[in-house]
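Novice: Got a structure for you, questions after.
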Amino acid sequence: MDYLAEVEERIKHKIEQIEQEMDNTHERENTDRLMPKIETLNWVLNEILVLDKEG
């Protein structure tokens, strides 16, 4: 597995962990705190996919 694919898998796993944490809590405060993390990880994931296509 190349480096970008490995990083991609780690990011996907982290997103899943955060989503599970959000599902386990029904507190708006926690959801509001965690959403920016998911958005940031999704942005990084998209950048990796662009780099992978270019490479």
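Chain labels run A, B, ... following the order of the structure tokens; each chain numbers its residues from 1, and ligands are numbered from 1 in the order shown.
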At a cut-off of 12 Å, using only C-alpha atoms, what residues contact Glu21 of chain A? Leave out same-chain residues fewer than 3 positions from it and give the result as a count of residues only.
Specialist: 16
Novice: Can you tell me which residues surround segment 42-49 of chain A at a distance of at most 9 Å, considering only C-alpha atoms, apart from same-chain residues fewer than 5 positions away, and format the answer as a count of residues only?
Specialist: 9
Novice: In Å, rounded to a single decimal, give me how far atom CA of Glu39 of chain A is from atom CA of Lys53 of chain A.
Specialist: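 Taking atom CA of Lys53 of chain A and atom CA of Glu39 of chain A, their separation equals 21.3 Å.
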